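Participant: My structure file my_file09.cif, mmCIF, C-alpha atoms and all ligand atoms, is below:
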```
data_start
#
loop_
_atom_site.label_atom_id
_atom_site.label_comp_id
_atom_site.auth_asym_id
_atom_site.auth_seq_id
_atom_site.Cartn_x
_atom_site.Cartn_y
_atom_site.Cartn_z
CA LYS R 1 0.00 0.00 0.00
CA VAL R 2 1.03 3.59 -0.61
CA ASP R 3 2.32 5.38 2.50
CA VAL R 4 0.18 8.53 2.46
CA SER R 5 1.65 10.07 5.62
CA GLN R 6 3.91 12.45 3.65
CA LEU R 7 1.47 13.23 0.86
CA VAL R 8 -0.69 15.65 2.83
CA ASP R 9 0.35 17.99 5.65
CA ASN R 10 -2.53 19.88 7.16
CA THR R 11 -0.37 21.89 9.54
CA THR R 12 1.02 23.69 6.49
CA GLY R 13 -1.79 23.04 4.00
CA ARG R 14 0.57 21.12 1.70
CA GLN R 15 -0.42 18.39 -0.75
CA SER R 16 1.86 16.32 -2.94
CA ARG R 17 0.88 16.60 -6.60
CA SER R 18 1.20 12.82 -6.85
CA ILE R 19 -2.26 12.46 -5.31
CA PHE R 20 -3.68 13.91 -8.53
CA HIS R 21 -1.65 11.71 -10.84
CA GLU R 22 -0.35 8.36 -9.56
CA GLN R 23 -2.21 5.23 -10.63
CA ASP R 24 -1.44 3.29 -7.43
CA ILE R 25 -2.82 6.13 -5.30
CA TYR R 26 -5.94 6.14 -7.45
CA GLU R 27 -6.35 2.38 -6.96
CA GLN R 28 -6.04 2.84 -3.20
CA GLU R 29 -8.76 5.52 -3.37
CA GLN R 30 -11.08 2.99 -4.98
CA GLU R 31 -10.51 0.56 -2.11
CA ARG R 32 -10.26 2.83 0.89
CA ILE R 33 -12.46 5.79 -0.01
CA PHE R 34 -15.02 4.59 -2.55
CA GLY R 35 -14.97 1.10 -1.01
CA LYS R 36 -15.62 2.32 2.54
CA CYS R 37 -17.52 5.62 2.49
CA TRP R 38 -21.25 6.16 2.07
CA LEU R 39 -21.79 7.13 -1.56
CA PHE R 40 -24.79 8.86 -3.09
CA LEU R 41 -26.92 6.52 -5.19
CA ALA R 42 -30.11 8.39 -6.09
CA HIS R 43 -32.74 10.76 -4.75
CA GLU R 44 -35.94 9.12 -3.47
CA SER R 45 -37.83 11.19 -6.05
CA GLN R 46 -36.00 9.44 -8.91
CA ILE R 47 -37.35 6.01 -8.00
CA PRO R 48 -40.74 6.58 -6.33
CA ASP R 49 -42.54 3.34 -7.34
CA PRO R 50 -41.81 -0.40 -7.01
CA GLY R 51 -39.71 -1.56 -9.95
CA ASP R 52 -38.27 1.93 -10.56
CA TYR R 53 -34.55 1.74 -11.09
CA PHE R 54 -31.61 4.09 -11.60
CA ARG R 55 -28.19 3.14 -12.98
CA THR R 56 -25.20 4.86 -11.38
CA PHE R 57 -21.65 4.34 -10.04
CA MET R 58 -19.96 3.74 -6.71
CA GLY R 59 -16.38 4.61 -7.54
CA GLU R 60 -15.77 2.77 -10.80
CA ASP R 61 -18.31 0.06 -9.93
CA GLU R 62 -21.55 0.37 -11.86
CA VAL R 63 -24.61 -0.25 -9.71
CA LEU R 64 -28.35 -0.59 -10.20
CA VAL R 65 -30.57 1.03 -7.56
CA ILE R 66 -34.06 -0.51 -7.43
CA ARG R 67 -37.23 0.34 -5.49
CA GLN R 68 -38.67 -2.85 -3.99
CA LYS R 69 -42.29 -3.95 -3.61
CA ASP R 70 -42.22 -3.00 0.09
CA GLN R 71 -40.87 0.49 -0.85
CA SER R 72 -37.40 -0.29 0.52
CA VAL R 73 -34.43 0.26 -1.80
CA LYS R 74 -31.81 -2.28 -2.79
CA ALA R 75 -28.69 -1.78 -4.90
CA PHE R 76 -26.70 -4.34 -6.88
CA LEU R 77 -23.58 -4.46 -8.99
CA ASN R 78 -24.85 -4.09 -12.53
CA THR R 79 -23.13 -7.20 -13.76
CA CYS R 80 -24.47 -10.56 -14.78
CA THR R 81 -23.34 -13.43 -12.56
CA HIS R 82 -22.89 -15.66 -15.62
CA ARG R 83 -20.24 -14.01 -17.77
CA GLY R 84 -20.21 -10.44 -16.48
CA ASN R 85 -22.28 -8.50 -18.98
CA ARG R 86 -24.34 -5.48 -17.87
CA VAL R 87 -27.80 -6.65 -16.89
CA CYS R 88 -29.28 -3.19 -17.41
CA LYS R 89 -28.24 -0.78 -20.13
CA ALA R 90 -30.87 1.92 -19.62
CA ASP R 91 -30.09 4.88 -17.36
CA LYS R 92 -33.42 4.62 -15.53
CA GLY R 93 -36.89 3.18 -15.89
CA ASN R 94 -39.30 0.67 -14.41
CA ALA R 95 -38.91 -3.08 -14.80
CA LYS R 96 -40.29 -6.29 -13.36
CA GLN R 97 -37.08 -8.08 -14.23
CA PHE R 98 -33.69 -7.49 -15.80
CA THR R 99 -32.73 -9.84 -18.62
CA CYS R 100 -29.13 -10.07 -19.72
CA SER R 101 -28.66 -9.42 -23.43
CA TYR R 102 -25.83 -12.00 -23.76
CA HIS R 103 -27.44 -15.38 -22.95
CA GLY R 104 -30.76 -14.36 -21.45
CA TRP R 105 -30.40 -14.94 -17.71
CA SER R 106 -33.16 -13.00 -16.00
CA PHE R 107 -33.07 -11.36 -12.57
CA ALA R 108 -35.96 -10.09 -10.43
CA ALA R 109 -36.00 -6.61 -8.86
CA ASP R 110 -34.79 -8.14 -5.59
CA GLY R 111 -31.71 -9.48 -7.40
CA THR R 112 -32.68 -13.16 -7.40
CA LEU R 113 -31.96 -15.20 -10.52
CA GLN R 114 -35.37 -16.12 -11.90
CA SER R 115 -34.80 -17.95 -15.16
CA VAL R 116 -32.00 -19.40 -17.25
CA PRO R 117 -32.50 -20.38 -20.91
CA LEU R 118 -31.96 -24.11 -21.54
CA GLU R 119 -31.78 -24.74 -17.81
CA GLU R 120 -33.00 -28.30 -18.23
CA ASP R 121 -31.33 -29.32 -21.51
CA ALA R 122 -27.96 -27.62 -21.14
CA TYR R 123 -27.53 -27.35 -17.35
CA TYR R 124 -29.26 -30.71 -16.72
CA ASN R 125 -31.33 -28.93 -14.04
CA GLU R 126 -28.22 -28.87 -11.85
CA LEU R 127 -27.70 -25.10 -11.66
CA ASP R 128 -28.47 -23.84 -8.16
CA LYS R 129 -30.07 -20.51 -9.12
CA SER R 130 -30.15 -19.37 -5.49
CA LYS R 131 -26.36 -19.00 -5.66
CA PHE R 132 -26.33 -16.78 -8.75
CA GLY R 133 -28.36 -13.74 -7.75
CA LEU R 134 -27.03 -10.24 -8.44
CA HIS R 135 -24.28 -9.11 -6.04
CA PRO R 136 -25.88 -6.71 -3.53
CA VAL R 137 -24.42 -3.49 -2.16
CA CYS R 138 -24.37 -4.56 1.47
CA LYS R 139 -25.68 -1.35 3.04
CA VAL R 140 -28.29 1.06 1.65
CA ASP R 141 -29.85 3.83 3.69
CA SER R 142 -31.29 7.28 3.16
CA TYR R 143 -31.26 10.69 4.78
CA LYS R 144 -34.18 13.05 4.04
CA GLY R 145 -34.52 12.06 0.41
CA LEU R 146 -30.92 11.18 -0.41
CA ILE R 147 -30.21 7.46 -0.85
CA PHE R 148 -26.68 6.26 -0.14
CA GLY R 149 -24.92 2.92 -0.43
CA ASN R 150 -21.86 1.47 1.25
CA PHE R 151 -19.76 -1.54 0.23
CA ASP R 152 -18.25 -1.93 3.72
CA PRO R 153 -20.31 -3.92 6.26
CA GLU R 154 -18.16 -2.47 9.08
CA SER R 155 -18.84 1.17 8.16
CA PRO R 156 -20.60 3.48 10.64
CA THR R 157 -24.32 4.09 10.15
CA LEU R 158 -25.22 6.73 7.59
CA ASP R 159 -26.52 8.86 10.45
CA ASP R 160 -23.17 8.70 12.25
CA TYR R 161 -21.27 9.14 8.99
CA LEU R 162 -23.05 12.44 8.25
CA GLY R 163 -22.60 13.53 11.87
CA ASP R 164 -22.92 17.25 12.55
CA MET R 165 -23.18 17.97 8.83
CA LYS R 166 -26.85 17.04 9.14
CA TRP R 167 -27.44 20.38 10.91
CA TYR R 168 -26.38 22.17 7.73
CA LEU R 169 -27.91 19.70 5.26
CA ASP R 170 -31.30 20.31 6.82
CA VAL R 171 -31.15 23.91 5.66
CA TRP R 172 -32.16 22.52 2.30
CA LEU R 173 -33.33 18.95 2.86
CA ASP R 174 -35.69 19.83 5.70
CA ALA R 175 -36.56 23.47 5.02
CA MET R 176 -40.03 22.72 3.70
CA PRO R 177 -42.50 20.05 4.88
CA GLU R 178 -42.58 18.04 1.65
CA GLY R 179 -38.82 17.99 1.16
CA THR R 180 -36.88 18.13 -2.09
CA GLU R 181 -36.74 16.45 -5.48
CA LEU R 182 -34.27 16.25 -8.35
CA ILE R 183 -35.61 17.47 -11.70
CA GLY R 184 -34.37 17.48 -15.27
CA SER R 185 -32.25 14.92 -17.06
CA THR R 186 -28.95 13.76 -15.63
CA GLN R 187 -26.45 16.11 -17.25
CA LYS R 188 -23.28 14.06 -17.70
CA VAL R 189 -19.98 15.62 -18.66
CA GLU R 190 -16.65 13.82 -18.84
CA TYR R 191 -13.65 15.96 -17.93
CA PRO R 192 -9.89 15.26 -18.12
CA VAL R 193 -9.75 16.14 -14.43
CA ASN R 194 -8.83 14.37 -11.19
CA TRP R 195 -12.06 13.94 -9.19
CA LYS R 196 -10.70 15.70 -6.06
CA LEU R 197 -10.16 19.04 -7.81
CA PRO R 198 -13.82 20.00 -8.36
CA VAL R 199 -14.65 18.76 -4.86
CA GLU R 200 -11.98 20.91 -3.20
CA ASN R 201 -13.10 23.83 -5.36
CA ALA R 202 -16.78 23.83 -4.45
CA CYS R 203 -16.19 22.75 -0.85
CA GLY R 204 -14.37 25.90 0.11
CA ASP R 205 -12.86 27.96 -2.67
CA GLY R 206 -14.62 31.29 -2.68
CA TYR R 207 -11.25 32.76 -3.70
CA HIS R 208 -11.67 31.82 -7.36
CA ILE R 209 -15.17 33.26 -7.83
CA GLY R 210 -14.20 36.88 -8.27
CA TRP R 211 -11.25 35.96 -10.51
CA ALA R 212 -11.92 32.80 -12.57
CA HIS R 213 -15.55 33.78 -13.04
CA ALA R 214 -15.01 37.54 -13.34
CA GLY R 215 -16.07 37.53 -16.99
CA VAL R 216 -19.29 35.60 -16.37
CA MET R 217 -20.13 37.68 -13.33
CA THR R 218 -20.16 40.87 -15.36
CA VAL R 219 -22.99 39.49 -17.49
CA ALA R 220 -24.73 37.02 -15.20
CA THR R 221 -25.13 38.81 -11.87
CA SER R 222 -28.45 40.53 -11.35
CA MET R 223 -27.72 41.67 -7.78
CA ASP R 224 -24.98 43.75 -6.25
CA ILE R 225 -23.48 41.20 -3.87
CA GLU R 226 -20.49 42.47 -1.93
CA SER R 227 -19.25 39.06 -0.87
CA LEU R 228 -18.85 38.05 -4.55
CA SER R 229 -16.31 40.74 -5.21
CA LEU R 230 -15.47 41.04 -8.89
CA GLY R 231 -11.77 40.75 -9.62
CA ASN R 232 -11.01 39.73 -6.03
CA THR R 233 -10.61 43.31 -4.90
CA LYS R 234 -12.18 42.85 -1.52
CA VAL R 235 -12.74 40.26 1.20
CA ASP R 236 -16.02 40.53 3.03
CA SER R 237 -15.55 38.26 6.03
CA SER R 238 -18.45 39.48 8.08
CA THR R 239 -21.29 38.16 5.94
CA ALA R 240 -20.07 34.66 5.16
CA MET R 241 -18.72 31.60 6.92
CA ALA R 242 -17.01 28.29 6.28
CA GLY R 243 -17.74 25.19 8.30
CA GLY R 244 -15.36 22.26 7.98
CA GLY R 245 -14.03 19.42 10.10
CA MET R 246 -17.12 17.23 10.42
CA ASN R 247 -15.36 14.10 9.13
CA GLY R 248 -14.56 15.72 5.80
CA HIS R 249 -18.03 17.16 5.13
CA SER R 250 -18.23 20.94 4.82
CA ILE R 251 -20.16 24.07 4.01
CA ILE R 252 -19.44 27.59 2.86
CA SER R 253 -22.27 30.05 3.13
CA SER R 254 -22.90 33.71 2.66
CA LEU R 255 -25.28 34.98 5.32
CA ASP R 256 -27.04 37.70 3.38
CA GLY R 257 -30.23 35.79 2.52
CA GLN R 258 -30.17 36.74 -1.16
CA SER R 259 -26.90 35.97 -2.93
CA GLY R 260 -28.07 32.48 -3.88
CA TYR R 261 -30.29 34.18 -6.42
CA ALA R 262 -27.72 36.65 -7.70
CA PHE R 263 -27.18 34.67 -10.89
CA TYR R 264 -30.80 34.59 -12.02
CA PRO R 265 -31.51 36.99 -14.91
CA ASP R 266 -34.72 37.83 -13.06
CA PRO R 267 -34.76 36.53 -9.46
CA SER R 268 -38.25 37.85 -8.64
CA LEU R 269 -40.02 34.46 -8.81
CA PRO R 270 -37.63 32.55 -6.52
CA VAL R 271 -37.25 35.52 -4.19
CA SER R 272 -41.02 35.89 -3.74
CA TYR R 273 -41.27 32.13 -3.04
CA LEU R 274 -38.54 32.59 -0.49
CA GLU R 275 -40.33 35.44 1.23
CA GLU R 276 -43.69 33.64 1.24
CA ASN R 277 -42.14 30.66 3.03
CA ARG R 278 -39.54 32.34 5.19
CA GLU R 279 -41.61 32.04 8.38
CA THR R 280 -42.31 28.37 7.67
CA VAL R 281 -38.60 27.70 7.33
CA ILE R 282 -37.75 29.66 10.47
CA SER R 283 -40.36 27.73 12.43
CA ARG R 284 -38.81 24.44 11.23
CA LEU R 285 -35.12 25.29 11.50
CA GLY R 286 -34.88 28.17 13.94
CA GLU R 287 -33.72 31.74 13.42
CA THR R 288 -30.10 31.15 12.46
CA ARG R 289 -30.63 28.66 9.68
CA GLY R 290 -34.07 29.81 8.60
CA LYS R 291 -33.44 33.50 8.47
CA GLN R 292 -29.76 33.88 7.75
CA PHE R 293 -29.08 30.96 5.49
CA TRP R 294 -32.09 30.33 3.33
CA GLY R 295 -31.69 32.28 0.10
CA SER R 296 -27.98 32.77 0.62
CA GLN R 297 -25.30 31.27 -1.57
CA ILE R 298 -24.41 27.97 0.12
CA ASN R 299 -22.08 25.17 -0.96
CA MET R 300 -22.53 21.86 0.87
CA THR R 301 -20.17 18.91 0.47
CA ILE R 302 -20.72 15.35 1.61
CA PHE R 303 -17.38 13.53 1.61
CA PRO R 304 -16.14 12.22 -0.73
CA ASN R 305 -17.98 13.27 -3.91
CA VAL R 306 -21.40 14.90 -3.45
CA GLN R 307 -22.09 18.61 -3.60
CA MET R 308 -25.28 20.67 -3.48
CA LEU R 309 -25.76 24.41 -3.74
CA PRO R 310 -28.97 25.84 -2.33
CA GLY R 311 -29.68 29.13 -4.06
CA LEU R 312 -28.04 28.11 -7.30
CA ASN R 313 -30.01 24.88 -6.78
CA TRP R 314 -27.67 22.37 -8.32
CA PHE R 315 -26.95 18.91 -7.02
CA ARG R 316 -23.90 17.12 -8.26
CA VAL R 317 -21.90 13.91 -7.94
CA TYR R 318 -18.41 13.25 -9.33
CA HIS R 319 -17.57 9.74 -10.56
CA PRO R 320 -13.85 8.93 -10.84
CA LYS R 321 -12.74 7.35 -14.12
CA GLY R 322 -8.99 7.14 -13.58
CA PRO R 323 -6.47 9.52 -11.98
CA GLY R 324 -6.88 12.03 -14.80
CA LYS R 325 -10.55 11.62 -15.67
CA MET R 326 -13.93 12.00 -14.03
CA GLU R 327 -17.58 12.16 -14.99
CA MET R 328 -19.67 14.92 -13.47
CA TRP R 329 -23.44 14.39 -13.09
CA THR R 330 -25.66 17.41 -12.41
CA TRP R 331 -29.34 17.89 -11.65
CA ALA R 332 -31.49 20.75 -10.44
CA MET R 333 -32.83 20.24 -6.92
CA VAL R 334 -36.04 21.99 -5.90
CA ASP R 335 -38.54 22.01 -3.06
CA LYS R 336 -41.55 19.86 -3.91
CA GLU R 337 -43.84 22.74 -2.88
CA MET R 338 -42.53 25.03 -5.63
CA SER R 339 -44.89 25.81 -8.53
CA ASP R 340 -44.18 24.18 -11.89
CA GLU R 341 -43.28 27.61 -13.24
CA LEU R 342 -40.70 28.16 -10.51
CA LYS R 343 -39.28 24.64 -10.93
CA GLN R 344 -38.79 25.34 -14.63
CA THR R 345 -37.16 28.69 -13.82
CA VAL R 346 -34.76 26.95 -11.44
CA LEU R 347 -33.94 24.22 -13.96
CA ASP R 348 -33.33 26.78 -16.70
CA ASN R 349 -30.93 28.66 -14.44
CA VAL R 350 -29.03 25.52 -13.44
CA CYS R 351 -28.55 24.72 -17.15
CA ARG R 352 -27.47 28.29 -17.82
CA THR R 353 -24.91 28.46 -15.00
CA PHE R 354 -23.72 24.97 -14.04
CA GLY R 355 -25.30 22.62 -16.59
CA ALA R 356 -23.41 20.71 -19.29
CA ALA R 357 -22.82 23.95 -21.20
CA GLY R 358 -23.07 26.21 -18.16
CA MET R 359 -21.19 29.49 -18.14
CA PHE R 360 -19.41 28.84 -14.85
CA ASP R 361 -18.37 25.26 -15.56
CA ASN R 362 -16.51 26.26 -18.67
CA ASP R 363 -14.29 28.52 -16.57
CA ASP R 364 -13.76 25.86 -13.91
CA GLY R 365 -13.26 22.94 -16.28
CA GLU R 366 -10.37 24.57 -18.08
CA ASN R 367 -8.58 25.38 -14.81
CA PHE R 368 -9.17 21.92 -13.31
CA ALA R 369 -7.96 20.22 -16.50
CA ALA R 370 -4.70 22.18 -16.44
CA CYS R 371 -4.23 21.51 -12.70
CA THR R 372 -4.52 17.80 -13.59
CA SER R 373 -2.46 17.64 -16.78
CA GLN R 374 0.46 19.66 -15.43
CA ASN R 375 1.28 16.78 -13.09
CA ARG R 376 2.23 14.53 -16.00
CA GLY R 377 5.57 16.28 -16.13
CA LEU R 378 8.24 14.29 -14.27
CA GLN R 379 9.79 17.36 -12.66
CA THR R 380 6.50 19.14 -12.08
CA ARG R 381 4.83 16.26 -10.31
CA GLN R 382 7.59 16.19 -7.67
CA LYS R 383 6.61 19.66 -6.46
CA ASP R 384 3.88 20.43 -3.94
CA VAL R 385 0.75 22.59 -3.97
CA TYR R 386 -0.78 24.45 -1.03
CA THR R 387 -4.08 25.30 0.63
CA ASN R 388 -2.60 27.45 3.37
CA MET R 389 -4.87 30.49 3.33
CA GLY R 390 -6.21 31.41 6.78
CA LEU R 391 -4.22 28.79 8.68
CA GLY R 392 -4.91 29.11 12.39
CA LYS R 393 -7.96 31.35 11.98
CA GLU R 394 -10.46 28.59 12.70
CA TYR R 395 -12.70 28.81 15.75
CA SER R 396 -15.70 27.23 17.46
CA HIS R 397 -19.05 28.92 16.96
CA PRO R 398 -21.64 28.84 19.77
CA GLU R 399 -24.38 27.57 17.47
CA MET R 400 -22.90 26.45 14.16
CA PRO R 401 -21.32 22.98 14.27
CA GLY R 402 -17.92 22.01 12.96
CA VAL R 403 -14.76 24.06 12.67
CA VAL R 404 -15.75 27.57 11.61
CA SER R 405 -13.89 30.41 9.96
CA ASP R 406 -15.06 33.71 8.53
CA GLY R 407 -15.70 34.60 4.92
CA LEU R 408 -16.16 32.83 1.60
CA VAL R 409 -12.51 33.36 0.75
CA GLY R 410 -10.46 30.77 2.61
CA GLU R 411 -8.93 27.31 2.43
CA GLN R 412 -9.99 25.79 5.73
CA ASN R 413 -12.47 23.36 4.18
CA GLN R 414 -10.01 22.24 1.54
CA ARG R 415 -7.52 21.38 4.29
CA TYR R 416 -10.14 19.32 6.12
CA PHE R 417 -11.14 17.61 2.87
CA TYR R 418 -7.54 16.51 2.31
CA ARG R 419 -7.12 15.60 5.96
CA ARG R 420 -10.09 13.23 5.63
CA TRP R 421 -8.74 11.90 2.33
CA GLN R 422 -5.46 11.08 4.10
CA GLU R 423 -7.22 9.50 7.09
CA MET R 424 -9.31 7.24 4.87
CA MET R 425 -6.36 6.34 2.66
CA ALA R 426 -4.23 5.39 5.68
CA ALA R 427 -6.86 3.25 7.39
CA LYS R 428 -7.23 -0.45 6.62
CA ASP R 429 -10.65 -0.42 8.27
CA TRP R 430 -13.05 1.93 10.03
CA SER R 431 -11.68 1.11 13.51
CA THR R 432 -8.70 3.40 12.85
CA VAL R 433 -10.59 6.26 11.18
CA PRO R 434 -10.89 9.18 13.64
CA ASN R 435 -14.30 10.65 14.34
CA TYR R 436 -14.50 14.42 14.86
CA ASN R 437 -16.88 17.28 14.38
CA SER R 438 -15.91 20.23 16.56
CA LEU R 439 -12.60 22.11 16.54
CA GLU R 440 -11.69 20.53 19.88
CA GLU R 441 -12.39 17.01 18.59
CA ALA R 442 -10.54 17.72 15.37
CA ASN R 443 -7.47 18.90 17.29
CA ALA R 444 -7.68 15.98 19.70
CA THR R 445 -7.81 13.41 16.90
CA ARG R 446 -5.10 14.95 14.71
CA GLY R 447 -2.65 12.25 13.68
CA GLN R 448 -4.60 9.56 15.51
CA ASN R 449 -4.96 7.07 12.67
FE1 LIG E 1 -25.43 -12.67 -18.83
FE2 LIG E 1 -24.47 -14.80 -19.99
S1 LIG E 1 -23.40 -13.00 -19.47
S2 LIG E 1 -26.49 -14.41 -19.44
#
```
Would it be possible to restate this file's structure as structure tokens?
Facilitator:
Amino acid sequence: KVDVSQLVDNTTGRQSRSIFHEQDIYEQEQERIFGKCWLFLAHESQIPDPGDYFRTFMGEDEVLVIRQKDQSVKAFLNTCTHRGNRVCKADKGNAKQFTCSYHGWSFAADGTLQSVPLEEDAYYNELDKSKFGLHPVCKVDSYKGLIFGNFDPESPTLDDYLGDMKWYLDVWLDAMPEGTELIGSTQKVEYPVNWKLPVENACGDGYHIGWAHAGVMTVATSMDIESLSLGNTKVDSSTAMAGGGMNGHSIISSLDGQSGYAFYPDPSLPVSYLEENRETVISRLGETRGKQFWGSQINMTIFPNVQMLPGLNWFRVYHPKGPGKMEMWTWAMVDKEMSDELKQTVLDNVCRTFGAAGMFDNDDGENFAACTSQNRGLQTRQKDVYTNMGLGKEYSHPEMPGVVSDGLVGEQNQRYFYRRWQEMMAAKDWSTVPNYNSLEEANATRGQN
């Protein structure tokens, strides 16, 4: 196994470039991160009825997520137990059974092998079909609409895995009584980019917004938002926060109650919805989250590869496809209570900003691709890169969980993301993975694994 102890140093914010390039490190990520962490499978709204299925990935493993007759959800490796073909080629749909296109073995929605062509004449009725069901993902659970799977039977519960991050996730997932849904097609884009780079970007990098997106912001911003300073000419620390620690999960959030809608050509429809329901949200979540957060620009990250942005309303998962390649899947996420007109407005804006041809993603994609490809150089890859902005400025907040620092511009969350990456990569099993949420716990568990 790769010794990862020298590849990340969170006391200085240093990362070795090899973590974005080396094949053996990538293979270890598949085993120790994507093989052990809870990974997003689907939103409940994507598979509401028995027989509904959705095809996705856990790391590089392709899986089929299926709603069962009793409304529970099961997930299976999407591979035939005969010779390994895909048993389902469609992205989503509803099926009573899944029949392999190679030799015709047929599997029920619960994964059991139902029928085998020529079972009597060719297998002499000696094939024990009970031993050839689809391979299940051993743990499937959900949190307020989001369904996750885990390959590791020894992993913590999903509830424990999300930990204090649930307090922040509820700002969106539990703001309204009926919850959320994903709308629109799955927008899939393949990038020549290491999967960690977009995660570290959206988990904490407010620094790039005023610079990398300066061009877009001159044409796309309908509000005068101080904390999104064009050209990085100003840091407004008083109206934004970053929350990290929390076992690698994180949030950055402006606290102005409106910047989430700054990139709508006309934000009047979402803003009026926001105002109409503000009291409802405050009554459900309390003053801090209901009043300050809802409507603000918020980036939420669930380690290792899920991100959602209330306000901009996109929901995204990154699937690794090799050290220098990843596939990014994006949907719009909305409250179920929203009118059809507002849902369409939200979807249109997601496509315009962060969809497959979104204005912002074009800026980001080019930068991420260069950050990845530069490491191919033998000399270059032996140098380090840094996330050392705001080192030592973290603090504990009386109400907000996690390790908190001020402002959208900072690198605290990126450091905690890479700290968790290192902890998972170093641990053979969950018994040696430290558990921390607050600043005190994070400090106490530093270097424990
Ligand atoms: Fe599926 Fe043979 S590979 S039936």
Participant: Using only C-alpha atoms and all ligand atoms, find each protein or nucleic acid residue lying at most 9 Å from ligand LIG 1 (chain E); present the set as a PyMOL selection string.
Facilitator: chain R and resi 79-87+99-106+116-117
Participant: If we draw a sphere of 10 Å around (-9.6, 22.7, 13.0), which residues have at least one atom in it when counting only C-alpha atoms? Please report them as a PyMOL selection string.
Facilitator: chain R and resi 10-11+243-246+391-396+402-405+412-413+415-416+436-444+446
Participant: Mind dumping the selected residues with C-alpha atoms as a CSV table (one decimal), in the frame of the given file?
Facilitator:
```
chain,number,residue,atom,x,y,z
R,10,ASN,CA,-2.5,19.9,7.2
R,11,THR,CA,-0.4,21.9,9.5
R,243,GLY,CA,-17.7,25.2,8.3
R,244,GLY,CA,-15.4,22.3,8.0
R,245,GLY,CA,-14.0,19.4,10.1
R,246,MET,CA,-17.1,17.2,10.4
R,391,LEU,CA,-4.2,28.8,8.7
R,392,GLY,CA,-4.9,29.1,12.4
R,393,LYS,CA,-8.0,31.4,12.0
R,394,GLU,CA,-10.5,28.6,12.7
R,395,TYR,CA,-12.7,28.8,15.8
R,396,SER,CA,-15.7,27.2,17.5
R,402,GLY,CA,-17.9,22.0,13.0
R,403,VAL,CA,-14.8,24.1,12.7
R,404,VAL,CA,-15.8,27.6,11.6
R,405,SER,CA,-13.9,30.4,10.0
R,412,GLN,CA,-10.0,25.8,5.7
R,413,ASN,CA,-12.5,23.4,4.2
R,415,ARG,CA,-7.5,21.4,4.3
R,416,TYR,CA,-10.1,19.3,6.1
R,436,TYR,CA,-14.5,14.4,14.9
R,437,ASN,CA,-16.9,17.3,14.4
R,438,SER,CA,-15.9,20.2,16.6
R,439,LEU,CA,-12.6,22.1,16.5
R,440,GLU,CA,-11.7,20.5,19.9
R,441,GLU,CA,-12.4,17.0,18.6
R,442,ALA,CA,-10.5,17.7,15.4
R,443,ASN,CA,-7.5,18.9,17.3
R,444,ALA,CA,-7.7,16.0,19.7
R,446,ARG,CA,-5.1,15.0,14.7
```
Participant: If I take CA of Met176 in chain R and CA of Arg284 in chain R, how far is one from the other in Å, to one decimal?
Facilitator: 7.8 Å
Participant: As AutoDock Vina command-line options, what would the box around range 239-252 of chain R look like: edges along x, y and z, 3 Å added on every side, centre and edge lengths in Å to one decimal?
Facilitator:
```
--center_x -17.7 --center_y 26.1 --center_z 6.6 --size_x 13.3 --size_y 30.1 --size_z 13.6
```
Participant: Between R:Lys89, R:Arg17, R:His208, R:Lys1, single out the one closest to Tyr386 in chain R, counting all atoms listed in the file.
Facilitator: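 Result for the nearest residue to Tyr386 in chain R: R:Arg17.
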Participant: Between R:Ala369, R:Tyr207, R:Asp121, R:Tyr264, which residue has the minimum interatomic distance to Val235 in chain R, considering only C-alpha atoms?
Facilitator: R:Tyr207
Participant: Quick one: everything within 7 Å of Gly59 in chain R, counting all atoms listed in the file, minus sequence neighbours fewer than 2 positions away in the same chain. Send it as a ChimeraX atom specification.
Facilitator: /R:30,34,57,61,319-320
Participant: Can you list, as a PyMOL selection string, every protein, DNA or RNA residue that comes within 7 Å of range 126-136 of chain R when you count only C-alpha atoms, leaving out same-chain residues fewer than 3 positions away?
Facilitator: chain R and resi 75-77+80-81+111-113+123
Participant: How would the residues just chosen look if you wrote them out with C-alpha atoms as a JSON list (two decimals), in the frame of the given file?
Facilitator:
```json
[["chain", "number", "residue", "atom", "x", "y", "z"],
["R", 75, "ALA", "CA", -28.69, -1.78, -4.90],
["R", 76, "PHE", "CA", -26.70, -4.34, -6.88],
["R", 77, "LEU", "CA", -23.58, -4.46, -8.99],
["R", 80, "CYS", "CA", -24.47, -10.56, -14.78],
["R", 81, "THR", "CA", -23.34, -13.43, -12.56],
["R", 111, "GLY", "CA", -31.71, -9.48, -7.40],
["R", 112, "THR", "CA", -32.68, -13.16, -7.40],
["R", 113, "LEU", "CA", -31.96, -15.20, -10.52],
["R", 123, "TYR", "CA", -27.53, -27.35, -17.35]]
```
Participant: Please list as a list of chain:residue names every residue within 9 Å of Thr186 in chain R, counting only C-alpha atoms and excluding residues in the same chain fewer than 2 positions away.
Facilitator: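 Contacts, in chain order: R:Ile183, R:Gly184, R:Lys188, R:Trp329, R:Thr330, R:Trp331.
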Participant: Would you pick out the contacts of Cys203 in chain R at 8 Å or less, using all atoms listed in the file, so that residues sharing its chain but fewer than 6 positions from it are not included, and give the list as a count of residues only?
Facilitator: 9
Participant: So that I can see what lies close to range 357-365 of chain R, please list as a PyMOL selection string the residues with an atom at most 10 Å from it, counting only C-alpha atoms and leaving out residues fewer than 3 positions away in the same chain.
Facilitator: chain R and resi 187+189+191-193+197-198+201+208-209+212-217+220+349-354+368-371
Participant: Please compute the CA of Tyr26 in chain R-CA of Thr56 in chain R distance, one decimal, in Å.
Facilitator: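 Taking CA of Tyr26 in chain R as the start and CA of Thr56 in chain R as the end point, the length is 19.7 Å.
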